[in-house]
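**Q** Structure below; questions to follow.
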Amino acid sequence: MLFLRRTFPLIIAFVVGMIGILVYYSPHSGAQALEQEVTMWNRIVAAFAMVLGIYSLMRLHWGRVRRQQAGWAYSFLVFVGFTVMVIFAIYNDGQGPHNPQVIDSGPFKWMFDYVQVPADATMFSILAFFIASAAYRTFRARTPEAAILLVSAIIVMIGRVPIGGLISDSVPAFSQWLMAVPNLAATRGILLGVSLAAIATSLRIIFGIERSYLGGGEE
């Protein structure tokens, strides 16, 4: 039993991880065929993982509805929305899975355009106020670095609106330079750090050093 719970998943992670690394650098046709096969199985596993995620989400919200915790009505709306969208998706598929006119004008499309999109817009609109509040707290010029960040942010914001061009033609140009040079350099540095961290984490999982995904933490 311990073999199936601990050792066997480590073997699978090692074999699949090494295959993914080796076939990526191998130009042989057999390696390319193996990569396509692994990619197909990856999609199958992802589909089952999505089903498991939906089950976990529904179980969580059902527990809130059953115990009538605070805000349980929102959890009930999760079930309503999920059921309605599934029914509409099946209805659209039955009407004509290969007919773009049916898909673009069906109830599933209507629900997406007039419920999902406005809800997303509302959430992002509310998020904008939180971002503005966080920016106000962050951009307080208490240190030289914070002062540079504050001045740069003001220049970028002014350069992105029409009033910046009215002040001077140099404001939009300098704003674009800030985004294209210092900001891009910092973004690439962050991406390099994230990539190295992802490689290190992948190697830890492949060689069995990181075992937290097994549910029992590192051993």
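Chain identifiers are assigned as A, B, and so on, following the order in which chains appear in the structure tokens; residues are numbered from 1 within each chain, and ligands are numbered from 1 in order of appearance.
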Using DSSP on the backbone coordinates, identify the residues of region 22-208 of chain A assigned to alpha helix (DSSP H); present them as a VMD selection string.
**A** chain A and resid 22 to 24 29 to 67 72 to 95 100 to 105 107 to 111 117 to 138 144 to 159 162 to 167 170 to 180 182 to 206
**Q** When you look at region 34-43 of chain A with a cut-off of 8 Å (counting only C-alpha atoms), what residues show up, excluding the ones that are within fewer than 6 positions of it in the same chain? I need them as a PyMOL selection string.
**A** chain A and resi 20+23-24
**Q** Output N, CA and C atoms for every residue in that selection, as a short mmCIF file (atom, residue, chain, number, x, y, z; two decimals), in the first residue's frame.
**A**
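New file again.cif:
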```cif
data_model
loop_
_atom_site.label_atom_id
_atom_site.label_comp_id
_atom_site.auth_asym_id
_atom_site.auth_seq_id
_atom_site.Cartn_x
_atom_site.Cartn_y
_atom_site.Cartn_z
N GLY A 20 9.88 13.93 -20.94
CA GLY A 20 9.61 15.28 -21.41
C GLY A 20 10.88 16.07 -21.68
N VAL A 23 12.94 14.04 -24.95
CA VAL A 23 12.34 14.13 -26.28
C VAL A 23 12.35 15.56 -26.79
N TYR A 24 12.41 16.54 -25.89
CA TYR A 24 12.43 17.94 -26.32
C TYR A 24 13.73 18.28 -27.05
#
```
**Q** Give me the residues near region 9-14 of chain A as a ChimeraX atom specification, where near means some atom within 10 Å (using only C-alpha atoms) and where sequence neighbours in that chain fewer than 2 positions away do not count.
**A** /A:3-7,16-20,202-211,213-214
**Q** Residues of the last selection are to be written out with C-alpha atoms, as a short mmCIF file (atom, residue, chain, number, x, y, z; two decimals), in the first residue's frame.
**A**
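out.cif, written as the output of this step:
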```
data_model
loop_
_atom_site.label_atom_id
_atom_site.label_comp_id
_atom_site.auth_asym_id
_atom_site.auth_seq_id
_atom_site.Cartn_x
_atom_site.Cartn_y
_atom_site.Cartn_z
CA PHE A 3 4.37 1.54 -2.60
CA LEU A 4 1.20 2.65 -4.40
CA ARG A 5 0.83 5.80 -2.32
CA ARG A 6 4.47 6.95 -2.25
CA THR A 7 6.93 5.07 -4.41
CA VAL A 16 7.42 11.21 -17.38
CA GLY A 17 9.67 14.11 -16.42
CA MET A 18 12.75 12.54 -18.00
CA ILE A 19 10.80 11.68 -21.15
CA GLY A 20 9.61 15.28 -21.41
CA SER A 202 10.52 20.62 -11.74
CA LEU A 203 13.88 18.98 -11.05
CA ARG A 204 12.99 18.63 -7.37
CA ILE A 205 9.74 16.87 -8.32
CA ILE A 206 11.38 14.66 -10.95
CA PHE A 207 14.11 13.44 -8.59
CA GLY A 208 11.73 12.97 -5.67
CA ILE A 209 13.07 15.78 -3.47
CA GLU A 210 9.78 17.66 -3.47
CA ARG A 211 6.97 15.35 -2.31
CA TYR A 213 2.05 16.87 -3.97
CA LEU A 214 1.70 13.42 -2.44
#
```
